[in-house]
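Asker: I have a structure here, written as structure tokens, and I will follow up with some questions on it.
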There are 2 protein chains.
Amino acid sequence: MKRLAILGSTGSIGQSTLSIVEQFPDRYSVVALAAGRNVDEAFAQASRWRPKVVSMATEELAAELSRRLRQAGVTGMDVAHGPAGTVACSTLAEADFVVSAIVGVAGLEATHAAILAGKPVGLANKECMVAAGEILTAAARQRKVLILPIDSEHNAVHQCLRVGTHGEVKTIWLTASGGPFRQLPLEKFDSITPAQALKHPTWVMGRRITIDSATMLNKGLEIIEACRLFDLPPSQVRVTVHPQSTVHSLVEFVDGSILAQISVTDMRLPILYALAYPERPASNLTFDLAALKHLDFEQPDFERFPCLRLAYEAAEKGGAHCIALNAADEVAVEAFLQGAIPFTGIPRTIEAVLASTPEAHPETIAGVLAADGEARERARALVA
Amino acid sequence: MKRLAILGSTGSIGQSTLSIVEQFPDRYSVVALAAGRNVDEAFAQASRWRPKVVSMATEELAAELSRRLRQAGVTGMDVAHGPAGTVACSTLAEADFVVSAIVGVAGLEATHAAILAGKPVGLANKECMVAAGEILTAAARQRKVLILPIDSEHNAVHQCLRVGTHGEVKTIWLTASGGPFRQLPLEKFDSITPAQALKHPTWVMGRRITIDSATMLNKGLEIIEACRLFDLPPSQVRVTVHPQSTVHSLVEFVDGSILAQISVTDMRLPILYALAYPERPASNLTFDLAALKHLDFEQPDFERFPCLRLAYEAAEKGGAHCIALNAADEVAVEAFLQGAIPFTGIPRTIEAVLASTPEAHPETIAGVLAADGEARERARALVA
């Protein structure tokens, strides 16, 4: 029985994780839930799973949850709040495995704390690896802690890597759907509306990640994530555009063999893989290979998607540049969604923030968060 | 340094194996070469590689080779001949690894002897596994001997299987090019000429295997080979038609993940994999993934290709039926190439031979060869 702490339990990955626990009651139980602001969902989850501790974003929300749990006669549960509450969840003595699925750098401190506490982590939060990958992977190496990627591409890579050694890897090929504007004429990019950009061709996801798919900055973040997770330079991580999102990624080995992973586009599969690794429990997440007709691939267009180039530049520099890439993008995407800047303003904002970023490699989470905050300020000034 | 015995050294796989040895002189040397009837090539190979023993098909050919080696001043080499000579090669004390690449059941005894002698085998000969898979795999289990498939499909499967356990495998999917008649109207099958059937769309191979690709009996043999090599029932081995022959096969796991192997269509890659396993040396056999555009898949058509159905039937019965499938096909293909029967006569001959085959499971190589001979006789009577 693996006892889980789920950070970001009320989000999409958190809920999918709980649906896996529901399907495999003999394998998994829940000991900690770090929710956000959704008291209704947190109350339902806490009532259903009876964790040792549940945490909310603020003291007020925690008080509200406590009151409702008391009313419902649910007892014996610590209700915590804020960053300290999230850390309490991720470092709980009873937790055997931590699912890190809080969006953005908000999950960073608790994920780092989980690794320092020696707990294996299923990582669904790519911003953690982009902003603090150097710190997290160093801690994981030192503590001999396994970090299992839940991002579908990196999960696919993790699977493919099992057929060879690290030194035998030539290139990791991340697949990209190419987003909704893969074939849009370049001159129309300035007039793309938020409504158009929010329509992703293959995955249903949150707002920021959907826009990041449309600019391909999302793939850029994944390039950096792959470099950190798999300890490879940016030159060994490439992108191939694959509109069907059926092949989730590929690994090319030095002998010439390429391994690819194919599955349904359902996040429960990489979650199950991470939870069960190295085992593979039988699931109903079946891909109908007999119905497969075509798989298409094409080269990514760096002119259409300058965010890819910016990500490679940040990946080469590492440290503060990766932090700034992520922070500037988050601010720029929000500005685009609010109509403050055009679609093409997103890469322009990122490029300007990167240009004013000093070369630095923060060695603490506090240093990362400070660099993140500074980059956001510069981005906000630009989009204002 | 791995010292190789190569059975079938003058054939296509044998020559490709020697080109790998040429590329990796620090990894591999040659201690035994079992050639066939090509004295010129055998002489060139023996002179170049200076094995301990070289064997020819007949005593006369061996005498001719000895004479030429003497003339050239090449000494210190045993020249053997016939089946005993092949066995002498495959069981040579100095050999660390045996490449079994003699076409047809002729390689069976020597391959069995190699396994009994505890030598790991790279198996390029699918008839061995079809006719005597039960015997060979039992011997390999008992002696804890590794059999590494060199057939590109099974080699791909072997790679994909490394990401899970045997119990986690749901289905092996062998890819098939579909051959030259994948889209030919069914009513034209009777008038297919040998010249048409000898044009394979993606691989350049020997005559029988090319015709076997056109009837898809080749894929049928591979289904049986896969069942034996990977210890799975026929219901867990399926075929998907993939005209580009880029994905060499796939393995579907019970959790829903499918792993696929992609590479150039060059037999040197599976040979290198088998020789080097579990390592992957760097090679120049590079697949240009950036140039990949489309991969197509479709369901195999059992009406157009009755050989597939016959192979599944033989696979279910095992033993003498698998032997008869292979033997009858070899006779029927030869009769087709000589104009004695039409293309559609190949499956008709096989079906008739299978119908008259008794259920039996020979437990010795001699028993296999006897059943093979009987099936050939029945097939010859049918095509006469």
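By convention in this document, the chains of the structure tokens carry letters A, B, ... by their order, each chain's residues are numbered from 1, and ligands are numbered from 1 in the order they are shown.
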May I have the residues of chain A within 9 Å of chain B, counting only C-alpha atoms, written as a PyMOL selection string?

Answerer: chain A and resi 156+159-165+168+170+173+239-240+252-264+269+272-273+278-287+289-299

Asker: Write a file of the selected residues as a PDB file, in the first residue's frame, keeping C-alpha atoms.

Answerer:
ATOM      1  CA  ALA A 156       6.902   8.861 -22.436  1.00  0.00           C
ATOM      2  CA  GLN A 159       9.513   4.877 -20.436  1.00  0.00           C
ATOM      3  CA  CYS A 160      11.622   4.894 -23.597  1.00  0.00           C
ATOM      4  CA  LEU A 161      14.807   5.531 -21.613  1.00  0.00           C
ATOM      5  CA  ARG A 162      14.390   2.165 -19.898  1.00  0.00           C
ATOM      6  CA  VAL A 163      15.716   0.351 -22.967  1.00  0.00           C
ATOM      7  CA  GLY A 164      19.192   1.866 -22.738  1.00  0.00           C
ATOM      8  CA  THR A 165      21.652   3.664 -20.480  1.00  0.00           C
ATOM      9  CA  GLU A 168      23.510   5.584 -24.935  1.00  0.00           C
ATOM     10  CA  LYS A 170      21.581  10.476 -28.538  1.00  0.00           C
ATOM     11  CA  TRP A 173      12.445  14.026 -29.298  1.00  0.00           C
ATOM     12  CA  VAL A 239      11.026  18.849 -30.952  1.00  0.00           C
ATOM     13  CA  THR A 240       8.994  17.179 -33.675  1.00  0.00           C
ATOM     14  CA  GLU A 252      16.871   8.088 -30.165  1.00  0.00           C
ATOM     15  CA  PHE A 253      19.807   5.941 -29.064  1.00  0.00           C
ATOM     16  CA  VAL A 254      23.368   6.091 -30.366  1.00  0.00           C
ATOM     17  CA  ASP A 255      23.065   2.730 -32.120  1.00  0.00           C
ATOM     18  CA  GLY A 256      20.305   4.117 -34.346  1.00  0.00           C
ATOM     19  CA  SER A 257      17.228   2.686 -32.616  1.00  0.00           C
ATOM     20  CA  ILE A 258      14.411   5.043 -31.742  1.00  0.00           C
ATOM     21  CA  LEU A 259      11.844   4.105 -29.104  1.00  0.00           C
ATOM     22  CA  ALA A 260       8.458   5.799 -29.064  1.00  0.00           C
ATOM     23  CA  GLN A 261       5.574   5.712 -26.612  1.00  0.00           C
ATOM     24  CA  ILE A 262       1.971   5.709 -27.821  1.00  0.00           C
ATOM     25  CA  SER A 263      -1.195   5.926 -25.721  1.00  0.00           C
ATOM     26  CA  VAL A 264      -4.512   7.667 -25.271  1.00  0.00           C
ATOM     27  CA  LEU A 269      -2.008   7.050 -17.729  1.00  0.00           C
ATOM     28  CA  LEU A 272      -0.687   5.653 -12.943  1.00  0.00           C
ATOM     29  CA  TYR A 273       2.767   5.030 -14.405  1.00  0.00           C
ATOM     30  CA  PRO A 278       8.385   0.207 -11.865  1.00  0.00           C
ATOM     31  CA  GLU A 279       5.186  -1.867 -12.085  1.00  0.00           C
ATOM     32  CA  ARG A 280       2.439  -1.511 -14.707  1.00  0.00           C
ATOM     33  CA  PRO A 281      -0.991  -2.345 -13.303  1.00  0.00           C
ATOM     34  CA  ALA A 282      -3.721  -3.280 -15.790  1.00  0.00           C
ATOM     35  CA  SER A 283      -5.946  -0.317 -16.594  1.00  0.00           C
ATOM     36  CA  ASN A 284      -8.862   0.453 -18.876  1.00  0.00           C
ATOM     37  CA  LEU A 285      -6.920   3.287 -20.556  1.00  0.00           C
ATOM     38  CA  THR A 286      -6.690   1.359 -23.802  1.00  0.00           C
ATOM     39  CA  PHE A 287      -5.434   2.775 -27.077  1.00  0.00           C
ATOM     40  CA  LEU A 289      -4.085   0.350 -32.209  1.00  0.00           C
ATOM     41  CA  ALA A 290      -6.195  -1.562 -34.731  1.00  0.00           C
ATOM     42  CA  ALA A 291      -8.035   1.690 -35.477  1.00  0.00           C
ATOM     43  CA  LEU A 292      -4.850   3.713 -35.949  1.00  0.00           C
ATOM     44  CA  LYS A 293      -4.617   5.116 -39.485  1.00  0.00           C
ATOM     45  CA  HIS A 294      -2.043   7.881 -39.793  1.00  0.00           C
ATOM     46  CA  LEU A 295       0.639   9.553 -37.754  1.00  0.00           C
ATOM     47  CA  ASP A 296       1.983  12.795 -39.150  1.00  0.00           C
ATOM     48  CA  PHE A 297       5.204  14.547 -38.269  1.00  0.00           C
ATOM     49  CA  GLU A 298       6.781  17.811 -39.350  1.00  0.00           C
ATOM     50  CA  GLN A 299       9.600  20.116 -38.370  1.00  0.00           C
TER      51      GLN A 299
END

Asker: In region 18-258 of chain B, what's alpha helix (DSSP H) per DSSP? Answer as a PyMOL selection string?

Answerer: chain B and resi 18-23+39-49+59-71+82-90+108-116+126-143+152-161+194-197+207-215+217-230

Asker: Have a look at CA of Ile6 (chain B) and CA of Ala139 (chain B) and let me know their distance in Å, one decimal.

Answerer: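 We find that CA of Ile6 (chain B) and CA of Ala139 (chain B) lie 20.2 Å from each other.
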
Asker: Env of Ala34 (chain B): 8 Å cut, atoms = only C-alpha atoms, seq-sep filter 6 positions within chain, self excluded. Answer as a list in words.

Answerer: Ala5, Ile6, Leu7, Gly8, Ser9, Val54, Ser55, Met56, Gly85, Thr86 and Cys89 of chain B

Asker: Would you output that residue set with all heavy atoms, as a compact mmCIF listing (two decimals), in the first residue's frame?

Answerer:
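Result file selection_0.txt:
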# COMPACT_ATOMS: atom_id res chain seq x y z
N ALA B 5 30.84 -17.19 -33.71
CA ALA B 5 30.67 -18.24 -34.71
C ALA B 5 29.49 -17.80 -35.57
O ALA B 5 28.42 -17.51 -35.05
CB ALA B 5 30.37 -19.57 -34.04
N ILE B 6 29.72 -17.72 -36.89
CA ILE B 6 28.67 -17.24 -37.79
C ILE B 6 28.22 -18.38 -38.69
O ILE B 6 28.99 -18.87 -39.52
CB ILE B 6 29.17 -16.05 -38.63
CG1 ILE B 6 29.68 -14.94 -37.69
CG2 ILE B 6 28.06 -15.52 -39.53
CD1 ILE B 6 30.34 -13.78 -38.41
N LEU B 7 26.97 -18.80 -38.49
CA LEU B 7 26.41 -19.88 -39.31
C LEU B 7 25.65 -19.24 -40.48
O LEU B 7 24.70 -18.48 -40.25
CB LEU B 7 25.44 -20.73 -38.48
CG LEU B 7 25.91 -21.15 -37.07
CD1 LEU B 7 24.85 -22.04 -36.42
CD2 LEU B 7 27.25 -21.84 -37.13
N GLY B 8 26.10 -19.54 -41.69
CA GLY B 8 25.52 -18.86 -42.86
C GLY B 8 26.32 -17.60 -43.18
O GLY B 8 25.75 -16.57 -43.51
N SER B 9 27.64 -17.71 -43.10
CA SER B 9 28.48 -16.50 -43.19
C SER B 9 28.47 -15.87 -44.58
O SER B 9 28.70 -14.67 -44.71
CB SER B 9 29.92 -16.83 -42.78
OG SER B 9 30.50 -17.72 -43.71
N VAL B 54 36.40 -23.31 -40.44
CA VAL B 54 35.48 -22.85 -41.47
C VAL B 54 34.85 -24.11 -42.07
O VAL B 54 35.50 -25.14 -42.21
CB VAL B 54 36.20 -21.97 -42.53
CG1 VAL B 54 37.38 -22.69 -43.15
CG2 VAL B 54 35.25 -21.51 -43.60
N SER B 55 33.56 -24.03 -42.35
CA SER B 55 32.87 -25.23 -42.84
C SER B 55 32.14 -24.94 -44.14
O SER B 55 31.61 -23.84 -44.33
CB SER B 55 31.88 -25.71 -41.77
OG SER B 55 31.23 -26.88 -42.22
N MET B 56 32.15 -25.96 -45.04
CA MET B 56 31.43 -25.83 -46.32
C MET B 56 30.31 -26.87 -46.37
O MET B 56 30.29 -27.82 -45.59
CB MET B 56 32.39 -26.06 -47.50
CG MET B 56 33.56 -25.09 -47.59
SD MET B 56 33.06 -23.34 -47.81
CE MET B 56 32.18 -23.41 -49.36
N GLY B 85 30.07 -30.31 -39.77
CA GLY B 85 30.94 -29.13 -39.83
C GLY B 85 30.25 -27.90 -39.26
O GLY B 85 30.86 -27.10 -38.54
N THR B 86 28.97 -27.75 -39.58
CA THR B 86 28.21 -26.62 -39.05
C THR B 86 28.11 -26.71 -37.52
O THR B 86 28.26 -25.72 -36.81
CB THR B 86 26.80 -26.58 -39.67
OG1 THR B 86 26.91 -26.78 -41.08
CG2 THR B 86 26.13 -25.25 -39.41
N CYS B 89 31.25 -25.70 -35.88
CA CYS B 89 31.33 -24.23 -35.77
C CYS B 89 30.49 -23.72 -34.59
O CYS B 89 30.95 -22.89 -33.80
CB CYS B 89 30.81 -23.57 -37.05
SG CYS B 89 31.91 -23.75 -38.47

Asker: Which residues in region 253-361 of chain A does DSSP call strand (DSSP E or B)? List them as a list in words.

Answerer: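 DSSP-assigned strand (DSSP E or B) residues in region 253-361 of chain A: Phe253, Ile258, Leu259, Ala260, Gln261, Ile262, His294, Leu295, Asp296 and Glu298 of chain A.
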
Asker: May I have the residues within 7 Å of Leu198 (chain A) as a PyMOL selection string, using only C-alpha atoms and disregarding those fewer than 4 positions away in the same chain?

Answerer: chain A and resi 194+207+210-211

Asker: Compare B:Ile150, B:Leu33, B:Ala95, B:Leu136 by their minimum atom-to-atom distance to Gly122 (chain B), counting only C-alpha atoms, and give me the closest one.

Answerer: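 Of B:Ile150, B:Leu33, B:Ala95, B:Leu136, the one nearest Gly122 (chain B), counting only C-alpha atoms, is B:Ile150.
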
Asker: Write out as a ChimeraX atom specification each polymer residue whose atoms come within 7 Å of Ile346 (chain B), counting only C-alpha atoms; drop sequence neighbours fewer than 6 positions from it.

Answerer: /B:329,332-333

Asker: Could you please take those selected residues and save all heavy atoms as an mmCIF file, in the first residue's frame?

Answerer:
data_model
loop_
_atom_site.group_PDB
_atom_site.id
_atom_site.type_symbol
_atom_site.label_atom_id
_atom_site.label_comp_id
_atom_site.auth_asym_id
_atom_site.auth_seq_id
_atom_site.Cartn_x
_atom_site.Cartn_y
_atom_site.Cartn_z
ATOM 1 N N ASP B 329 4.906 -24.323 -47.393
ATOM 2 C CA ASP B 329 5.096 -23.018 -48.042
ATOM 3 C C ASP B 329 6.360 -23.010 -48.894
ATOM 4 O O ASP B 329 6.345 -22.513 -50.017
ATOM 5 C CB ASP B 329 5.180 -21.918 -46.991
ATOM 6 C CG ASP B 329 5.492 -20.570 -47.629
ATOM 7 O OD1 ASP B 329 4.636 -20.087 -48.394
ATOM 8 O OD2 ASP B 329 6.588 -20.034 -47.398
ATOM 9 N N ALA B 332 5.637 -24.833 -52.031
ATOM 10 C CA ALA B 332 4.656 -24.119 -52.855
ATOM 11 C C ALA B 332 5.273 -22.880 -53.501
ATOM 12 O O ALA B 332 5.006 -22.577 -54.673
ATOM 13 C CB ALA B 332 3.445 -23.742 -52.003
ATOM 14 N N VAL B 333 6.108 -22.158 -52.732
ATOM 15 C CA VAL B 333 6.752 -20.958 -53.285
ATOM 16 C C VAL B 333 7.655 -21.341 -54.453
ATOM 17 O O VAL B 333 7.658 -20.690 -55.507
ATOM 18 C CB VAL B 333 7.551 -20.216 -52.191
ATOM 19 C CG1 VAL B 333 8.499 -19.186 -52.797
ATOM 20 C CG2 VAL B 333 6.598 -19.542 -51.217
#

Asker: What's the separation between CA of Glu374 (chain A) and CA of Val237 (chain A), in Å to one decimal place?

Answerer: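 Separating CA of Glu374 (chain A) from CA of Val237 (chain A) is a distance of 28.5 Å.
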
Asker: Would you pick out the contacts of Pro358 (chain B) at 10 Å or less, using only C-alpha atoms, so that residues sharing its chain but fewer than 3 positions from it are not included, and give the list as a ChimeraX atom specification?

Answerer: /B:319-321,324,354-355,361,371

Asker: Considering only C-alpha atoms, return as a count of residues only whatever protein or nucleic-acid residues lie within 12 Å of Thr357 (chain B), sequence-local ones (same chain, fewer than 6 positions apart) excluded.

Answerer: 22

Asker: Kindly give the distance, in Å, that separates CA of Ala176 (chain A) and CA of Met267 (chain A), rounded to a single decimal.

Answerer: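 Computed distance, CA of Ala176 (chain A) to CA of Met267 (chain A), equals 15.7 Å.
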